[in-house]
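Text of query33.cif (mmCIF, C-alpha atoms) as supplied:
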```cif
data_upload
#
loop_
_atom_site.label_atom_id
_atom_site.label_comp_id
_atom_site.auth_asym_id
_atom_site.auth_seq_id
_atom_site.Cartn_x
_atom_site.Cartn_y
_atom_site.Cartn_z
CA MET Q 1 265.72 80.86 -100.49
CA ALA Q 2 265.20 84.39 -101.84
CA LEU Q 3 261.72 85.29 -103.06
CA ALA Q 4 261.12 86.66 -106.53
CA ASP Q 5 259.72 90.18 -106.77
CA ALA Q 6 256.58 88.80 -108.42
CA ASP Q 7 255.85 86.72 -105.29
CA VAL Q 8 255.96 89.76 -102.98
CA LYS Q 9 252.75 91.73 -102.53
CA TRP Q 10 252.90 94.99 -100.60
CA VAL Q 11 249.75 95.78 -98.63
CA GLN Q 12 248.81 99.25 -97.43
CA GLU Q 13 247.10 99.57 -94.07
CA PRO Q 14 243.47 100.56 -94.70
CA LYS Q 15 242.03 103.68 -93.11
CA LEU Q 16 239.04 102.99 -90.89
CA GLY Q 17 236.02 105.26 -90.94
CA LEU Q 18 233.41 105.61 -88.22
CA PHE Q 19 231.38 102.68 -89.54
CA GLU Q 20 234.44 100.41 -89.54
CA GLN Q 21 235.54 101.57 -86.09
CA LEU Q 22 232.22 100.32 -84.69
CA TYR Q 23 233.15 96.85 -86.04
CA LEU Q 24 229.74 96.50 -87.66
CA PRO Q 25 231.05 95.28 -91.04
CA VAL Q 26 233.03 92.43 -89.50
CA VAL Q 27 230.07 91.50 -87.28
CA PHE Q 28 227.83 91.29 -90.34
CA ASP Q 29 230.45 89.26 -92.20
CA GLY Q 30 230.64 86.81 -89.31
CA LEU Q 31 226.86 86.45 -89.18
CA LYS Q 32 226.77 85.92 -92.92
CA THR Q 33 229.32 83.10 -92.63
CA THR Q 34 227.35 81.51 -89.78
CA VAL Q 35 224.02 81.63 -91.64
CA THR Q 36 225.66 80.28 -94.80
CA HIS Q 37 226.96 77.23 -92.92
CA MET Q 38 223.60 76.70 -91.23
CA PHE Q 39 221.80 76.21 -94.54
CA SER Q 40 224.59 74.64 -96.61
CA LYS Q 41 224.79 70.93 -97.38
CA LYS Q 42 226.55 68.98 -94.64
CA VAL Q 43 229.32 66.58 -95.61
CA THR Q 44 230.35 63.85 -93.16
CA GLU Q 45 233.39 61.66 -93.80
CA GLN Q 46 232.92 58.12 -92.59
CA TYR Q 47 236.32 57.89 -90.90
CA PRO Q 48 238.03 55.46 -90.41
CA GLU Q 49 236.15 53.46 -93.04
CA GLN Q 50 236.61 56.36 -95.48
CA GLU Q 51 240.15 57.73 -95.53
CA PRO Q 52 240.44 61.50 -96.06
CA THR Q 53 242.12 62.89 -99.15
CA LEU Q 54 245.06 65.00 -98.02
CA PRO Q 55 247.02 67.57 -100.06
CA PRO Q 56 250.59 66.63 -101.06
CA ASN Q 57 252.07 69.32 -98.80
CA TYR Q 58 250.19 68.14 -95.71
CA ARG Q 59 252.44 68.30 -92.63
CA GLY Q 60 252.19 65.01 -90.76
CA VAL Q 61 254.62 62.56 -89.20
CA HIS Q 62 258.31 63.22 -89.84
CA ARG Q 63 260.76 61.02 -91.68
CA LEU Q 64 264.51 60.96 -92.20
CA ASN Q 65 265.42 60.48 -95.82
CA ARG Q 66 268.04 58.11 -97.17
CA ASP Q 67 270.48 58.97 -99.94
CA ALA Q 68 271.25 56.95 -103.06
CA GLU Q 69 273.62 54.74 -101.04
CA ASP Q 70 270.92 53.95 -98.46
CA ARG Q 71 272.61 56.11 -95.81
CA VAL Q 72 270.83 58.68 -93.69
CA LYS Q 73 271.06 62.04 -95.47
CA CYS Q 74 271.38 64.04 -92.26
CA VAL Q 75 274.79 65.67 -91.70
CA ALA Q 76 274.11 66.58 -88.03
CA CYS Q 77 274.34 70.34 -88.60
CA TYR Q 78 271.71 71.06 -85.90
CA MET Q 79 269.91 73.58 -88.11
CA CYS Q 80 266.55 71.82 -87.73
CA ALA Q 81 266.92 71.62 -83.95
CA THR Q 82 267.89 75.30 -83.86
CA ALA Q 83 264.93 76.38 -86.02
CA CYS Q 84 262.38 74.27 -84.13
CA PRO Q 85 260.16 76.60 -82.03
CA ALA Q 86 258.92 73.70 -79.87
CA HIS Q 87 262.43 72.37 -79.10
CA CYS Q 88 261.31 68.82 -79.82
CA ILE Q 89 264.38 67.69 -81.83
CA ASP Q 90 267.42 66.26 -80.08
CA ILE Q 91 270.54 65.29 -82.06
CA VAL Q 92 273.84 63.77 -80.95
CA ALA Q 93 276.50 64.12 -83.64
CA ALA Q 94 279.42 61.77 -84.22
CA PRO Q 95 282.29 61.64 -86.73
CA ALA Q 96 281.15 60.09 -89.99
CA PRO Q 97 282.42 56.60 -90.81
CA ALA Q 98 285.64 56.44 -92.80
CA GLY Q 99 283.86 55.47 -96.00
CA TRP Q 100 281.58 58.52 -95.97
CA LYS Q 101 283.76 60.99 -97.83
CA ASP Q 102 280.99 63.53 -98.50
CA ARG Q 103 280.48 64.62 -94.87
CA GLU Q 104 282.30 65.15 -91.61
CA LYS Q 105 279.50 64.22 -89.21
CA TYR Q 106 276.39 62.11 -89.05
CA PRO Q 107 273.66 61.78 -86.39
CA GLU Q 108 274.55 59.07 -83.90
CA THR Q 109 271.12 59.65 -82.39
CA PHE Q 110 268.23 61.67 -83.81
CA VAL Q 111 265.07 61.96 -81.70
CA ILE Q 112 261.81 63.85 -82.32
CA ASP Q 113 259.11 64.14 -79.69
CA GLU Q 114 255.99 63.90 -81.87
CA LEU Q 115 253.75 64.98 -78.99
CA ARG Q 116 255.66 68.19 -78.42
CA CYS Q 117 255.97 69.02 -82.13
CA ILE Q 118 253.60 71.65 -83.55
CA TYR Q 119 254.11 70.46 -87.17
CA CYS Q 120 255.03 73.89 -88.48
CA GLY Q 121 257.52 72.57 -91.05
CA MET Q 122 260.38 74.88 -90.02
CA CYS Q 123 262.75 71.91 -89.60
CA GLU Q 124 262.00 70.94 -93.19
CA GLU Q 125 262.77 74.45 -94.41
CA ALA Q 126 265.97 74.77 -92.36
CA CYS Q 127 267.58 71.51 -93.49
CA PRO Q 128 270.33 72.22 -96.07
CA VAL Q 129 270.40 68.65 -97.43
CA ASP Q 130 266.66 67.80 -97.49
CA ALA Q 131 267.17 65.11 -94.87
CA ILE Q 132 263.97 65.69 -92.90
CA GLU Q 133 260.48 65.86 -94.36
CA LEU Q 134 256.93 65.87 -93.06
CA THR Q 135 254.75 63.19 -94.62
CA THR Q 136 251.01 62.72 -95.10
CA LEU Q 137 250.79 60.20 -92.24
CA TYR Q 138 248.25 61.62 -89.80
CA ASP Q 139 246.90 58.69 -87.71
CA LEU Q 140 249.59 58.82 -85.05
CA THR Q 141 248.61 56.79 -81.98
CA GLY Q 142 250.35 55.10 -79.08
CA TYR Q 143 249.75 53.56 -75.68
CA SER Q 144 252.37 55.69 -73.94
CA ARG Q 145 254.35 58.89 -74.42
CA GLU Q 146 257.49 56.85 -75.01
CA GLN Q 147 255.96 55.26 -78.10
CA LEU Q 148 255.55 58.70 -79.67
CA ILE Q 149 259.19 59.67 -79.27
CA PHE Q 150 260.66 58.74 -82.64
CA ASP Q 151 264.34 57.82 -82.78
CA LYS Q 152 266.51 57.60 -85.89
CA GLU Q 153 265.56 54.02 -86.73
CA LYS Q 154 261.86 54.78 -86.46
CA LEU Q 155 262.17 57.93 -88.58
CA LEU Q 156 264.03 55.94 -91.24
CA SER Q 157 261.32 53.28 -91.15
CA VAL Q 158 258.74 55.99 -91.90
CA PHE Q 159 260.81 56.87 -94.99
CA ASP Q 160 260.85 53.23 -96.08
CA ALA Q 161 257.11 52.82 -95.54
CA THR Q 162 256.05 56.04 -97.30
CA THR Q 163 258.32 55.60 -100.32
CA GLN Q 164 257.27 51.99 -100.81
CA ALA Q 165 253.61 52.97 -100.54
CA GLY Q 166 254.14 55.80 -103.03
CA THR Q 167 252.24 58.31 -100.88
CA ASP Q 168 255.16 60.65 -100.28
CA PRO Q 169 257.71 60.78 -103.12
CA VAL Q 170 261.06 62.32 -102.27
CA ARG Q 171 261.20 66.01 -103.17
CA THR Q 172 263.94 66.69 -105.67
CA GLN Q 173 263.43 70.45 -105.81
CA ALA Q 174 261.92 73.14 -103.65
CA GLY Q 175 258.75 75.02 -104.46
CA ARG Q 176 258.57 78.70 -105.33
CA LEU Q 177 257.94 79.79 -101.75
CA GLY Q 178 259.66 77.04 -99.76
CA PRO Q 179 260.65 73.35 -99.68
CA ALA Q 180 257.08 72.07 -99.37
CA SER Q 181 255.06 74.90 -100.92
CA ASP Q 182 254.41 72.94 -104.12
CA ALA Q 183 253.48 69.33 -104.69
CA PRO Q 184 256.31 66.93 -105.61
CA PRO Q 185 256.63 66.32 -109.35
CA VAL Q 186 254.74 63.30 -110.61
CA PRO Q 187 257.15 60.67 -112.00
CA PRO Q 188 256.65 59.88 -115.70
CA ALA Q 189 254.64 56.79 -116.52
CA ILE Q 190 256.63 53.72 -117.53
CA PRO Q 191 255.63 52.69 -121.07
CA GLY Q 192 254.33 49.16 -121.48
CA PRO Q 193 255.69 46.53 -123.85
CA ALA Q 194 255.45 47.22 -127.55
CA GLY Q 195 252.12 46.21 -129.03
CA GLY Q 196 250.42 45.86 -125.66
CA GLY Q 197 247.64 48.23 -124.70
CA SER Q 198 246.53 49.09 -121.20
CA ALA Q 199 243.49 47.36 -119.78
CA GLY Q 200 241.61 50.61 -119.25
CA ALA Q 201 242.28 52.12 -122.69
CA ALA Q 202 239.33 52.87 -124.89
CA GLY Q 203 239.16 51.09 -128.17
#
```
As structure tokens:
Amino acid sequence: MALADADVKWVQEPKLGLFEQLYLPVVFDGLKTTVTHMFSKKVTEQYPEQEPTLPPNYRGVHRLNRDAEDRVKCVACYMCATACPAHCIDIVAAPAPAGWKDREKYPETFVIDELRCIYCGMCEEACPVDAIELTTLYDLTGYSREQLIFDKEKLLSVFDATTQAGTDPVRTQAGRLGPASDAPPVPPAIPGPAGGGSAGAAG
């Protein structure tokens, strides 16, 4: 996706004087940051009793999205596997079923090694059909390495769980700077029955 000129900021390399070449300013800045944290108020989250509040574009566990006909959206183009710097995505393509007229291929197998992944989001940016997304699921645990290798069925189950929970709505449009640079749009509220007020409305 091409960037708008307003989103591009050209930066000139600063010229360093003698004072800057001695690295004294950055040393003082580092000490200032350290002293500030020493005397600032400490905040401790009581995890796991208190769940953290994550931003909408947090990059957590992957999911494979479904389309309107409940099919996997992936078209097995291998662009996510090609863009992945950790080489943790493995896809085996197969001819699409006869009833799928909108594509030639689909992923017979789709596997992501969640332990090898660095959660950079490049697979999400490379996908031309928005089939793969990173969710806000962060508490990824397992008793073995095999349990953290997600196949197609497990990735689709993450989609089902996150959409039903409402934590990760499906992105219908990309952000200004990339697929996940902005939060997904909030769906409009469903109006209640005529004449009925909400329980929390002020009188």
Closest of Q:Ile112, Q:Val35, Q:Leu3, Q:Ala98 to Asp151 of chain Q, counting all atoms listed in the file, is Q:Ile112
Which residues of segment 35-119 of chain Q come within 6 Å of segment 125-141 of chain Q, and what is each one's closest atom pair and distance in Å (one decimal), counting all atoms listed in the file, sorted by chain and residue number, as a Markdown table?
```
| residue | atom | partner | partner_atom | distance |
| --- | --- | --- | --- | --- |
| Q:Tyr58 | CA | Q:Thr136 | CA | 5.5 |
| Q:Arg59 | CA | Q:Leu134 | CA | 5.1 |
| Q:Gly60 | CA | Q:Thr135 | CA | 5.0 |
| Q:Val61 | CA | Q:Leu137 | CA | 5.4 |
| Q:His62 | CA | Q:Leu134 | CA | 4.4 |
| Q:Arg63 | CA | Q:Glu133 | CA | 5.5 |
| Q:Leu64 | CA | Q:Ile132 | CA | 4.8 |
| Q:Asn65 | CA | Q:Ala131 | CA | 5.0 |
| Q:Lys73 | CA | Q:Ala131 | CA | 5.0 |
| Q:Cys74 | CA | Q:Ala131 | CA | 5.1 |
| Q:Met79 | CA | Q:Ala126 | CA | 5.9 |
| Q:Cys80 | CA | Q:Ala126 | CA | 5.5 |
```
Box in all listed atoms of segment 31-50 of chain Q, axis-aligned, with 4 Å more on each side; write out centre and edge lengths in Å to one decimal as AutoDock Vina command-line options.
```
--center_x 229.9 --center_y 70.0 --center_z -93.3 --size_x 24.2 --size_y 41.0 --size_z 16.2
```
_List as a PyMOL selection string the protein and nucleic acid residues near Phe150 of chain Q, meaning an atom at most 12 Å away when only C-alpha atoms are counted, but skip any in the same chain fewer than 2 places from it._
chain Q and resi 61-64+88-91+109-117+140+142+145-148+152-158
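The coordinates place atom CA of Asp168 of chain Q at 10.7 Å from atom CA of Pro55 of chain Q.
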re atom CA of Pro52 of chain Q and atom CA of Ala86 of chain Q: distance 27.4 Å
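Distances to Cys84 of chain Q were evaluated for Q:Val170, Q:Leu18, Q:Met122, Q:Ile149 using all atoms listed in the file, and the minimum falls at Q:Met122.
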Shortest contact to Asp67 of chain Q, candidates Q:Leu22, Q:Trp100, Q:Thr34, Q:Val92, atoms counted all atoms listed in the file, goes to Q:Trp100
| said: When you look at Pro95 of chain Q with a cut-off of 9 Å (counting only C-alpha atoms), what residues show up, excluding the ones that are within fewer than 6 positions of it in the same chain? I need them as a PyMOL selection string. | reply: chain Q and resi 103-108
Separating atom CA of Ala165 of chain Q from atom CA of Tyr119 of chain Q, to the nearest tenth of an Å, is a gap of 22.0 Å
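Residues in contact with Gly166 of chain Q at 12 Å, where only C-alpha atoms are counted and same-chain residues fewer than 2 positions away are skipped, are listed as Pro56, Thr135, Thr136, Phe159, Asp160, Ala161, Thr162, Thr163, Gln164, Asp168, Pro169, Val170, Pro184, Val186 and Pro187 of chain Q.
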